[in-house]
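Student: My structure is stored as model.txt, with compact mmCIF, C-alpha atoms.
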```
# COMPACT_ATOMS: atom_id res chain seq x y z
CA MET A 24 -10.97 -19.96 -2.89
CA PRO A 25 -9.25 -23.05 -1.44
CA VAL A 26 -11.72 -25.49 -0.02
CA LEU A 27 -11.67 -28.83 1.74
CA LEU A 28 -11.75 -31.62 -0.78
CA PRO A 29 -14.66 -34.03 -0.39
CA LYS A 30 -14.07 -37.72 -0.57
CA ASN A 31 -13.62 -39.31 -4.02
CA ALA A 32 -14.14 -36.00 -5.83
CA ILE A 33 -12.59 -32.70 -6.76
CA SER A 34 -13.90 -29.90 -4.54
CA ALA A 35 -16.41 -27.28 -5.60
CA PHE A 36 -13.75 -24.97 -6.97
CA PRO A 37 -14.49 -22.63 -9.90
CA LEU A 38 -12.66 -24.96 -12.24
CA SER A 39 -14.75 -27.76 -13.57
CA LEU A 40 -14.03 -30.96 -15.36
CA GLY A 41 -15.32 -30.92 -18.89
CA PRO A 42 -15.74 -33.81 -21.29
CA ARG A 43 -12.58 -35.55 -22.31
CA ALA A 44 -10.94 -34.34 -25.45
CA LYS A 45 -7.77 -35.33 -27.24
CA ASP A 46 -7.61 -31.99 -29.02
CA HIS A 47 -5.02 -29.84 -27.28
CA GLN A 48 -5.96 -26.69 -29.20
CA PRO A 49 -7.93 -24.21 -27.10
CA SER A 50 -11.51 -23.51 -28.02
CA THR A 51 -12.93 -20.03 -27.70
CA ARG A 52 -16.40 -18.88 -26.79
CA GLU A 53 -17.74 -15.40 -26.26
CA SER A 54 -19.70 -14.98 -23.05
CA LEU A 55 -22.70 -12.69 -23.19
CA PRO A 56 -23.79 -12.50 -19.55
CA THR A 57 -27.11 -10.97 -18.65
CA LEU A 58 -26.62 -11.12 -14.88
CA GLU A 59 -25.98 -7.94 -12.93
CA ALA A 60 -25.00 -7.30 -9.33
CA ASN A 61 -27.59 -5.29 -7.44
CA ALA A 62 -27.14 -1.83 -5.96
CA GLU A 63 -26.49 -3.12 -2.41
CA ALA A 64 -23.54 -5.22 -3.54
CA ILE A 65 -22.04 -2.44 -5.67
CA HIS A 66 -22.46 0.06 -2.83
CA PHE A 67 -20.68 -2.26 -0.39
CA LEU A 68 -17.69 -2.68 -2.73
CA ASN A 69 -17.51 1.03 -3.53
CA ASN A 70 -17.32 1.93 0.17
CA LEU A 71 -14.24 -0.14 0.98
CA GLN A 72 -11.49 2.01 2.51
CA GLN A 73 -7.80 1.44 1.91
CA GLU A 74 -7.05 2.22 5.57
CA GLU A 75 -9.48 -0.54 6.54
CA LEU A 76 -7.97 -3.08 4.14
CA GLN A 77 -4.47 -2.35 5.44
CA MET A 78 -5.58 -3.67 8.83
CA LEU A 79 -6.49 -7.01 7.21
CA LEU A 80 -3.09 -7.90 5.76
CA PHE A 81 -1.86 -11.00 7.57
CA SER A 82 -1.32 -14.73 7.08
CA GLU A 83 -3.12 -17.59 8.82
CA THR A 84 -2.95 -21.37 8.86
CA LEU A 85 -5.78 -23.82 9.54
CA ALA A 86 -5.71 -27.57 9.96
CA MET A 87 -7.87 -29.72 7.69
CA VAL A 88 -9.57 -32.49 9.70
CA SER A 89 -12.01 -35.23 8.78
CA ASP A 90 -15.45 -35.68 10.31
CA THR A 91 -13.85 -38.04 12.84
CA GLY A 92 -11.23 -35.48 13.84
CA GLU A 93 -8.29 -37.05 12.00
CA PRO A 94 -5.80 -34.57 10.47
CA GLN A 95 -5.86 -34.53 6.69
CA GLY A 96 -3.79 -31.52 5.67
CA GLU A 97 -3.29 -27.82 6.05
CA LEU A 98 -4.75 -24.63 4.62
CA THR A 99 -2.70 -21.40 4.47
CA ILE A 100 -4.03 -17.99 3.47
CA GLU A 101 -1.80 -14.93 3.13
CA VAL A 102 -2.74 -11.38 2.13
CA GLN A 103 -0.06 -8.74 1.73
CA ARG A 104 0.94 -5.67 -0.27
CA GLY A 105 2.41 -6.36 -3.68
CA ASN A 106 3.31 -4.90 -7.05
CA TYR A 107 1.68 -5.75 -10.35
CA LYS A 108 2.98 -5.14 -13.87
CA ASP A 109 0.22 -4.95 -16.48
CA GLU A 110 0.39 -5.88 -20.17
CA PHE A 111 1.92 -2.49 -21.01
CA GLY A 112 4.69 -2.87 -18.44
CA VAL A 113 3.20 -0.31 -16.05
CA MET A 114 3.91 -1.13 -12.41
CA SER A 115 1.28 -0.40 -9.74
CA HIS A 116 0.69 -1.22 -6.08
CA CYS A 117 -1.85 -3.93 -5.37
CA LEU A 118 -3.10 -6.52 -2.89
CA LEU A 119 -1.45 -9.91 -3.24
CA VAL A 120 -3.50 -12.92 -2.13
CA HIS A 121 -1.94 -16.37 -1.89
CA ALA A 122 -3.75 -19.43 -0.61
CA PHE A 123 -2.66 -23.04 -0.61
CA SER A 124 -4.08 -26.28 0.75
CA GLN A 125 -2.78 -29.82 0.48
CA GLY A 126 -3.81 -33.03 2.13
CA PHE A 127 -5.02 -36.59 1.72
CA VAL A 128 -8.53 -37.80 1.02
CA ASP A 129 -8.97 -41.58 1.16
CA LYS A 130 -5.16 -41.83 0.98
CA MET A 131 -5.12 -39.83 -2.26
CA LEU A 132 -3.00 -36.69 -2.38
CA CYS A 133 -4.89 -33.57 -3.47
CA GLY A 134 -4.38 -29.83 -3.28
CA ILE A 135 -5.46 -26.39 -4.40
CA SER A 136 -3.42 -23.21 -4.90
CA LEU A 137 -4.53 -19.66 -5.61
CA LEU A 138 -2.55 -16.55 -6.51
CA GLY A 139 -4.45 -13.31 -7.06
CA TYR A 140 -3.59 -9.66 -7.72
CA LEU A 141 -6.28 -7.19 -6.67
CA SER A 142 -6.64 -3.43 -6.79
CA TRP A 143 -7.39 -1.62 -3.54
CA ASP A 144 -11.10 -1.64 -4.44
CA LEU A 145 -10.89 -5.45 -4.90
CA HIS A 146 -11.12 -5.34 -8.70
CA ILE A 147 -9.33 -8.30 -10.20
CA MET A 148 -6.09 -7.67 -12.07
CA GLU A 149 -4.96 -11.24 -12.48
CA GLN A 150 -5.67 -14.56 -10.79
CA HIS A 151 -4.36 -18.10 -11.22
CA THR A 152 -5.77 -21.23 -9.61
CA GLN A 153 -4.66 -24.84 -9.82
CA GLU A 154 -6.34 -27.93 -8.42
CA PHE A 155 -5.18 -31.55 -8.55
CA ILE A 156 -6.10 -34.95 -7.19
CA LYS A 157 -3.87 -37.93 -7.73
CA LEU A 158 -6.45 -40.64 -8.40
CA HIS A 159 -5.01 -44.13 -8.60
CA ILE A 160 -6.38 -44.71 -12.09
CA LEU A 161 -6.67 -41.26 -13.67
CA PRO A 162 -4.81 -38.30 -12.08
CA THR A 163 -6.72 -35.09 -12.66
CA GLU A 164 -5.54 -31.49 -12.78
CA ARG A 165 -7.52 -28.31 -13.45
CA LYS A 166 -6.20 -24.81 -14.00
CA MET A 167 -7.88 -21.48 -14.48
CA SER A 168 -6.52 -17.98 -15.05
CA LEU A 169 -8.34 -14.66 -15.07
CA VAL A 170 -6.56 -11.69 -16.63
CA ARG A 171 -7.88 -8.23 -17.35
CA GLN A 172 -6.96 -7.11 -20.86
CA ASP A 173 -8.13 -3.68 -22.00
CA ASP A 174 -11.93 -3.65 -21.70
CA GLN A 175 -12.48 -7.34 -21.06
CA LEU A 176 -11.77 -10.13 -18.60
CA VAL A 177 -10.16 -13.16 -20.22
CA MET A 178 -10.72 -16.54 -18.59
CA THR A 179 -8.64 -19.56 -19.59
CA ARG A 180 -9.64 -22.97 -18.23
CA SER A 181 -7.81 -26.23 -18.82
CA VAL A 182 -8.54 -29.76 -17.65
CA LYS A 183 -6.02 -32.58 -17.75
CA GLU A 184 -7.14 -36.17 -17.15
CA GLY A 185 -4.25 -38.53 -17.58
CA GLU A 186 -2.65 -37.39 -20.82
CA GLU A 187 -5.79 -35.82 -22.26
CA VAL A 188 -6.17 -32.03 -22.08
CA LYS A 189 -9.00 -29.67 -22.89
CA THR A 190 -8.58 -25.90 -22.90
CA GLU A 191 -11.24 -23.24 -23.23
CA VAL A 192 -10.98 -19.44 -23.40
CA THR A 193 -13.88 -17.15 -22.51
CA PHE A 194 -14.14 -13.37 -22.82
CA PHE A 195 -16.26 -11.28 -20.46
CA PRO A 196 -16.83 -7.59 -21.28
CA TRP A 197 -15.35 -5.58 -18.41
CA SER A 198 -18.57 -3.63 -18.05
CA SER A 199 -20.36 -6.88 -17.18
CA THR A 200 -18.05 -7.58 -14.22
CA VAL A 201 -19.30 -4.73 -12.02
CA GLY A 202 -19.89 -6.29 -8.60
CA PHE A 203 -17.84 -9.39 -9.49
CA VAL A 204 -16.07 -11.04 -6.54
CA SER A 205 -13.23 -13.36 -7.46
CA GLU A 206 -11.96 -16.14 -5.18
CA ALA A 207 -9.08 -13.90 -4.05
CA ALA A 208 -11.41 -10.96 -3.42
CA ASN A 209 -13.78 -13.22 -1.47
CA LEU A 210 -11.06 -13.95 1.11
CA LEU A 211 -10.63 -10.24 1.77
CA LEU A 212 -14.35 -9.49 1.63
CA LEU A 213 -14.98 -12.00 4.43
CA ARG A 214 -12.34 -10.30 6.56
CA VAL A 215 -14.03 -6.95 5.98
CA MET A 216 -17.38 -8.37 7.09
CA ALA A 217 -15.78 -9.80 10.23
CA TRP A 218 -14.01 -6.52 10.97
CA ARG A 219 -17.26 -4.59 10.62
CA GLN A 220 -19.37 -7.37 12.16
CA LEU A 221 -21.76 -6.65 9.30
CA VAL A 222 -23.00 -8.44 6.19
CA PRO A 223 -24.62 -6.27 3.49
CA SER A 224 -28.36 -6.89 3.55
CA ASN A 225 -29.88 -8.38 0.38
CA ALA A 226 -26.63 -7.85 -1.52
CA ARG A 227 -26.27 -9.94 -4.67
CA PHE A 228 -22.73 -10.14 -6.05
CA LEU A 229 -21.40 -11.84 -9.16
CA ALA A 230 -19.12 -14.88 -9.04
CA LEU A 231 -18.08 -17.86 -11.16
CA ASP A 232 -19.64 -21.29 -10.72
CA THR A 233 -17.85 -24.62 -11.14
CA GLU A 234 -18.37 -24.42 -14.91
CA GLY A 235 -16.73 -21.01 -15.19
CA LYS A 236 -19.99 -19.17 -15.83
CA LEU A 237 -21.16 -15.98 -14.18
CA CYS A 238 -23.73 -16.47 -11.47
CA TYR A 239 -24.97 -14.80 -8.32
CA SER A 240 -23.21 -14.99 -4.96
CA THR A 241 -24.86 -13.99 -1.69
CA TYR A 242 -23.77 -13.68 1.94
CA GLN A 243 -25.86 -14.20 5.04
CA ALA A 244 -25.02 -13.49 8.68
CA LEU A 245 -25.80 -16.50 10.92
CA GLY A 246 -25.10 -14.67 14.17
CA ILE A 247 -22.42 -14.94 16.82
CA GLN A 248 -21.42 -18.23 18.42
CA THR A 249 -18.91 -19.25 21.10
CA ILE A 250 -16.50 -22.01 20.08
CA GLN A 251 -13.53 -23.69 21.72
CA VAL A 252 -10.07 -22.89 20.35
CA GLY A 253 -7.45 -24.86 22.24
CA HIS A 254 -8.10 -24.13 25.92
CA GLN A 255 -9.88 -20.84 25.20
CA GLU A 256 -13.48 -19.98 24.37
CA VAL A 257 -13.95 -17.22 21.81
CA ASP A 258 -16.87 -15.55 20.05
CA VAL A 259 -17.01 -15.89 16.28
CA PHE A 260 -19.08 -14.12 13.66
CA ILE A 261 -20.59 -16.68 11.25
CA VAL A 262 -21.08 -15.80 7.59
CA GLU A 263 -22.55 -18.17 5.03
CA GLN A 264 -21.69 -17.69 1.37
CA THR A 265 -23.84 -19.28 -1.33
CA VAL A 266 -22.95 -19.50 -5.02
CA HIS A 267 -26.16 -19.83 -7.02
CA SER A 268 -25.26 -21.75 -10.16
CA ASP A 269 -27.92 -21.77 -12.89
CA GLU A 270 -26.93 -25.27 -14.02
CA GLY A 271 -26.26 -27.04 -10.74
CA ILE A 272 -27.03 -27.20 -7.07
CA PRO A 273 -26.13 -24.03 -5.13
CA GLY A 274 -22.95 -24.45 -3.12
CA SER A 275 -22.71 -23.03 0.38
CA CYS A 276 -19.84 -22.55 2.78
CA GLN A 277 -19.86 -21.30 6.36
CA PHE A 278 -17.04 -19.14 7.73
CA TYR A 279 -16.48 -18.70 11.48
CA LEU A 280 -14.59 -15.42 11.77
CA LEU A 281 -12.82 -13.77 14.68
CA SER A 282 -13.28 -10.07 15.36
CA ASP A 283 -10.15 -9.01 13.44
CA GLY A 284 -10.88 -11.14 10.35
CA HIS A 285 -8.95 -14.29 11.23
CA LEU A 286 -10.69 -17.45 10.09
CA ALA A 287 -11.36 -19.75 13.04
CA LYS A 288 -13.33 -22.44 11.23
CA ARG A 289 -14.59 -23.23 7.76
CA ILE A 290 -17.29 -25.74 6.82
CA GLN A 291 -18.29 -26.59 3.29
CA VAL A 292 -21.93 -27.61 3.44
CA GLY A 293 -22.31 -31.23 2.31
CA SER A 294 -18.63 -32.04 2.62
CA PRO A 295 -17.19 -34.19 5.40
CA GLY A 296 -14.66 -32.57 7.67
CA CYS A 297 -13.71 -28.94 8.05
CA CYS A 298 -10.83 -26.50 8.45
CA MET A 299 -10.10 -25.00 11.86
CA ILE A 300 -7.37 -23.20 13.76
CA THR A 301 -5.48 -25.07 16.46
CA LYS A 302 -3.93 -22.05 18.19
CA MET A 303 -5.55 -18.76 19.10
CA PRO A 304 -3.93 -15.89 17.16
CA ILE A 305 -3.17 -12.51 18.66
CA LEU A 306 -6.20 -10.41 17.79
CA ARG A 307 -5.67 -6.98 16.34
CA ASP A 308 -7.66 -4.16 17.90
CA LYS A 309 -9.12 -1.30 15.95
CA ASP A 310 -6.86 1.69 16.21
CA GLU A 311 -8.46 4.78 17.70
CA ILE A 312 -7.77 7.66 15.36
CA GLU A 313 -6.99 10.78 17.36
CA PRO A 314 -7.47 14.21 15.83
CA ALA A 315 -4.33 15.78 14.46
CA PRO A 316 -2.74 18.21 16.93
CA VAL A 317 -3.04 21.92 16.15
CA PHE A 318 0.05 23.99 16.83
CA GLU A 319 -0.62 27.70 17.18
CA LYS A 320 2.01 30.11 15.96
CA LYS A 321 3.49 31.97 18.90
CA PRO A 322 5.96 34.88 18.84
CA LEU A 323 9.47 33.77 19.67
CA VAL A 324 10.99 35.69 22.56
CA TRP A 325 14.40 34.10 22.41
CA GLU A 326 15.80 36.14 25.28
CA GLU A 327 13.40 34.30 27.60
CA ASP A 328 14.38 30.89 26.27
CA MET A 329 17.27 29.69 28.37
CA GLU A 330 18.59 27.34 25.70
CA LEU A 331 18.47 29.93 22.90
CA TYR A 332 19.91 32.66 25.15
CA SER A 333 22.72 30.33 26.20
CA ARG A 334 23.51 29.63 22.55
CA PHE A 335 23.49 33.37 21.84
CA LEU A 336 25.97 34.09 24.61
CA GLY A 337 28.17 31.22 23.53
CA ARG A 338 28.20 32.40 19.92
CA LYS A 339 28.86 35.97 20.99
CA GLU A 340 31.87 34.98 23.01
CA GLU A 341 33.09 32.75 20.17
CA LEU A 342 32.98 35.68 17.73
CA ARG A 343 34.69 38.05 20.22
CA VAL A 344 37.56 35.65 20.70
CA SER A 345 37.82 35.10 16.93
CA HIS A 346 37.88 38.84 16.19
CA HIS A 347 40.56 39.57 18.82
CA SER A 348 42.63 36.71 17.50
CA TYR A 349 42.42 38.06 13.96
CA LEU A 350 43.42 41.58 15.03
CA ARG A 351 46.36 40.20 16.97
CA GLN A 352 47.50 38.33 13.89
CA HIS A 353 47.05 41.44 11.68
CA PRO A 354 48.26 44.54 13.58
CA GLU A 355 48.17 46.57 10.33
CA ALA A 356 44.38 46.36 10.37
CA GLN A 357 44.24 47.87 13.85
CA ALA A 358 46.62 50.67 12.79
CA LEU A 359 44.61 51.40 9.64
CA ILE A 360 41.35 51.67 11.53
CA SER A 361 42.94 53.86 14.22
CA ASP A 362 44.36 56.25 11.60
CA PHE A 363 40.98 56.54 9.87
CA LEU A 364 39.12 57.25 13.10
CA LEU A 365 41.71 59.86 14.13
CA PHE A 366 41.54 61.58 10.76
CA LEU A 367 37.71 61.45 10.82
CA LEU A 368 37.57 63.14 14.22
CA LEU A 369 40.00 65.83 13.10
CA ARG A 370 38.12 66.69 9.90
CA ARG A 371 34.60 66.00 11.16
CA PRO A 372 33.01 65.87 7.65
CA ALA A 373 29.24 66.21 7.22
CA ASP A 374 29.16 63.23 4.84
CA VAL A 375 31.01 60.42 6.61
CA VAL A 376 30.39 57.88 3.81
CA THR A 377 31.89 60.11 1.12
CA PHE A 378 34.82 60.93 3.39
CA ALA A 379 35.43 57.20 3.99
CA ALA A 380 35.28 56.49 0.25
CA GLU A 381 37.85 59.17 -0.49
CA TYR A 382 40.03 57.96 2.36
CA PHE A 383 40.08 54.32 1.34
CA GLY A 384 39.87 54.99 -2.43
CA PRO A 385 43.63 54.92 -3.02
CA PHE A 386 43.74 51.39 -1.58
CA ALA A 387 41.55 50.06 -4.41
CA LYS A 388 43.57 48.08 -6.95
CA ARG A 389 41.24 48.78 -9.89
CA ASN A 390 41.41 52.57 -9.60
CA PRO A 391 44.55 54.58 -10.45
CA PRO A 392 46.15 56.50 -7.57
CA THR A 393 44.61 59.93 -6.98
CA PRO A 394 45.41 62.76 -4.61
CA ALA A 395 44.19 61.93 -1.17
CA LEU A 396 41.12 63.69 0.12
CA ARG A 397 40.14 65.53 -3.03
CA SER A 398 37.00 67.59 -3.04
CA SER A 399 34.04 65.25 -2.71
CA ASN A 400 31.27 67.33 -4.24
CA ARG A 401 30.13 64.47 -6.44
CA PRO A 402 26.86 62.81 -5.26
CA SER A 403 28.35 59.31 -5.52
CA PRO A 404 31.58 58.55 -3.76
CA PHE A 405 32.09 55.41 -5.84
CA ARG A 406 32.65 57.15 -9.21
CA SER A 407 36.13 57.64 -10.57
CA LEU A 408 38.01 60.45 -8.81
CA ASP A 409 40.09 61.16 -11.93
CA PRO A 410 38.34 63.91 -14.01
CA GLU A 411 40.16 62.83 -17.16
CA ARG A 412 38.95 59.21 -16.81
CA PRO A 413 35.55 58.70 -18.49
CA THR A 414 32.80 57.41 -16.23
CA ASP A 415 31.25 54.02 -16.91
```
Mind turning this structure into structure tokens?

Tutor:
Amino acid sequence: MPVLLPKNAISAFPLSLGPRAKDHQPSTRESLPTLEANAEAIHFLNNLQQEELQMLLFSETLAMVSDTGEPQGELTIEVQRGNYKDEFGVMSHCLLVHAFSQGFVDKMLCGISLLGYLSWDLHIMEQHTQEFIKLHILPTERKMSLVRQDDQLVMTRSVKEGEEVKTEVTFFPWSSTVGFVSEAANLLLLRVMAWRQLVPSNARFLALDTEGKLCYSTYQALGIQTIQVGHQEVDVFIVEQTVHSDEGIPGSCQFYLLSDGHLAKRIQVGSPGCCMITKMPILRDKDEIEPAPVFEKKPLVWEEDMELYSRFLGRKEELRVSHHSYLRQHPEAQALISDFLLFLLLRRPADVVTFAAEYFGPFAKRNPPTPALRSSNRPSPFRSLDPERPTD
């Protein structure tokens, strides 16, 4: 993760300067790690909730100051939703972490940038880091990329000193990265700890040291402390992270975290100066999740509903007016219906449906004309009334 650069040196970033080499061809080595994260660390990572992580998506900016309080630069960290396209072209949703710091150390410009793509369980998809320091004699630049490919994690590290470049590629079996916390994942993991006000006890994660080798990483809660931010006093939850390199001195960093995960202060142990906020952010409260309302199914008595009954009356009147208008425009329909009703009352048949079929049958265009009101002894009034016409 981005760190404050110590004087006259590149910071303890997981990109290390190797011996100079004029050979620009990358060398390859197979890593056979024997380290494993313990059960407490794996359990903590497996119990991360997407709803919880969604509350920790925000950006923040801290000022980099020297041990005498002089401004030296700025550190920006941003976590947001993103999309990631893998090597097969498959697009998926992810967490996008971007961090950048730039400033001056002993009047020398230096900076660090990080861009990481994480799954919602903080597994690394891809990460790129770049670190530079413009020394007066020999400008130095270091880059590292981590990319998951099939069943392995591929790490590419390059160091440029002046015009000389050395590149190295390392392969980690994916099964050996269980419990691995990348620099991008570490930024989110700290926010989770601040949000929960809890550090997993005796948890031992995996990380990369300054030489790009797997090592252990641990977190320790140092309690709650009140600090001054502008004109306001706030309580912060202090977490110390230590990377235990097998080949060097363990590196520790202390994070002063606000209740919603914002970083209020950051101190790299052994390094002069620190990073701190200059303006109090608006803290985000934990949302209280209310139980979903239960709606019971009730019988609808629309006559008692004034709105529905009003609509019914309005529609009824609309249809009445429409029907009267139609009959006024078509007086033949009124005459036809009146004739049928008069004839029906005169004959008074036992089977009204059959009588109506015989009455209106001659009006059908598809049937040939037949004598009106023939005997209707047939069970179906809709068959042909012509005895010489075959039935269908």

Student: Determine the nearest neighbour of A:Val201 from the options A:Phe383, A:Ala62, A:Leu286, A:Leu161, counting all atoms listed in the file.

Tutor: A:Ala62

Student: Mind checking which residues fall within 8 Å of stretch 104-119 of chain A, counting all atoms listed in the file, ignoring those fewer than 5 positions away in the same chain, and posting them as a tab-separated table (two decimals) with C-alpha atoms, keeping the file's coordinate frame?

Tutor:
```tsv
chain	number	residue	atom	x	y	z
A	80	LEU	CA	-3.09	-7.90	5.76
A	138	LEU	CA	-2.55	-16.55	-6.51
A	139	GLY	CA	-4.45	-13.31	-7.06
A	140	TYR	CA	-3.59	-9.66	-7.72
A	141	LEU	CA	-6.28	-7.19	-6.67
A	142	SER	CA	-6.64	-3.43	-6.79
A	143	TRP	CA	-7.39	-1.62	-3.54
A	172	GLN	CA	-6.96	-7.11	-20.86
```

Student: Give me, please, the distance in Å between atom CA of A:Ala207 and atom CA of A:Val120, quoted to one decimal.

Tutor: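 Here the two named atoms are 6.0 Å from each other.
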
Student: Restricting the calculation to all atoms listed in the file: of A:Ser348, A:Ser168, A:Gln125, A:Thr91, which residue gets closest to A:Pro295?

Tutor: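 The closest residue to A:Pro295 is A:Thr91.
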
Student: I'd like to know which of A:Gln153, A:Gln352, A:Thr265, A:Ser199 is closest to A:Ser181, using only C-alpha atoms.

Tutor: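 Looking at the shortest contact to A:Ser181, the residue is A:Gln153.
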
Student: Report, in Å to a single decimal, how far apart atom CA of A:Ala208 and atom CA of A:Glu234 are.

Tutor: 19.0 Å

Student: Please, what distance in Å, to one decimal, runs between atom CA of A:Leu76 and atom CA of A:Ile100?

Tutor: 15.4 Å

Student: Determine, counting only C-alpha atoms, which protein, DNA and RNA residues have an atom within 8 Å of an atom of stretch 133-137 of chain A; residues of the same chain fewer than 4 positions away are not included. Present the result as a ChimeraX atom specification.

Tutor: /A:24-26,28,120-128,150-157,207

Student: Go through A:Asp374, A:Asp258, A:Glu270, A:Asp144 and flag the residue nearest A:Asp232, using all atoms listed in the file for the distances.

Tutor: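 Among the listed residues, A:Glu270 lies closest to A:Asp232.
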
Student: Might you pull out every residue within 10 Å of A:Val257, with only C-alpha atoms counted and same-chain residues fewer than 5 positions away left off, and present them as a PDB file with C-alpha atoms, keeping the file's coordinate frame?

Tutor:
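So the final result, stored in result_27.pdb, reads:
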```
ATOM      1  CA  GLN A 248     -21.420 -18.230  18.420  1.00  0.00           C
ATOM      2  CA  THR A 249     -18.910 -19.250  21.100  1.00  0.00           C
ATOM      3  CA  ILE A 250     -16.500 -22.010  20.080  1.00  0.00           C
ATOM      4  CA  GLN A 251     -13.530 -23.690  21.720  1.00  0.00           C
ATOM      5  CA  VAL A 252     -10.070 -22.890  20.350  1.00  0.00           C
ATOM      6  CA  LEU A 281     -12.820 -13.770  14.680  1.00  0.00           C
ATOM      7  CA  SER A 282     -13.280 -10.070  15.360  1.00  0.00           C
ATOM      8  CA  ALA A 287     -11.360 -19.750  13.040  1.00  0.00           C
ATOM      9  CA  MET A 303      -5.550 -18.760  19.100  1.00  0.00           C
TER      10      MET A 303
END
```

Student: Just give me the residues with any atom within 8 Å of (-24.5, -5.8, 2.4), file coordinates, counting only C-alpha atoms, written as a PyMOL selection string.

Tutor: chain A and resi 63-64+67+221-226+242
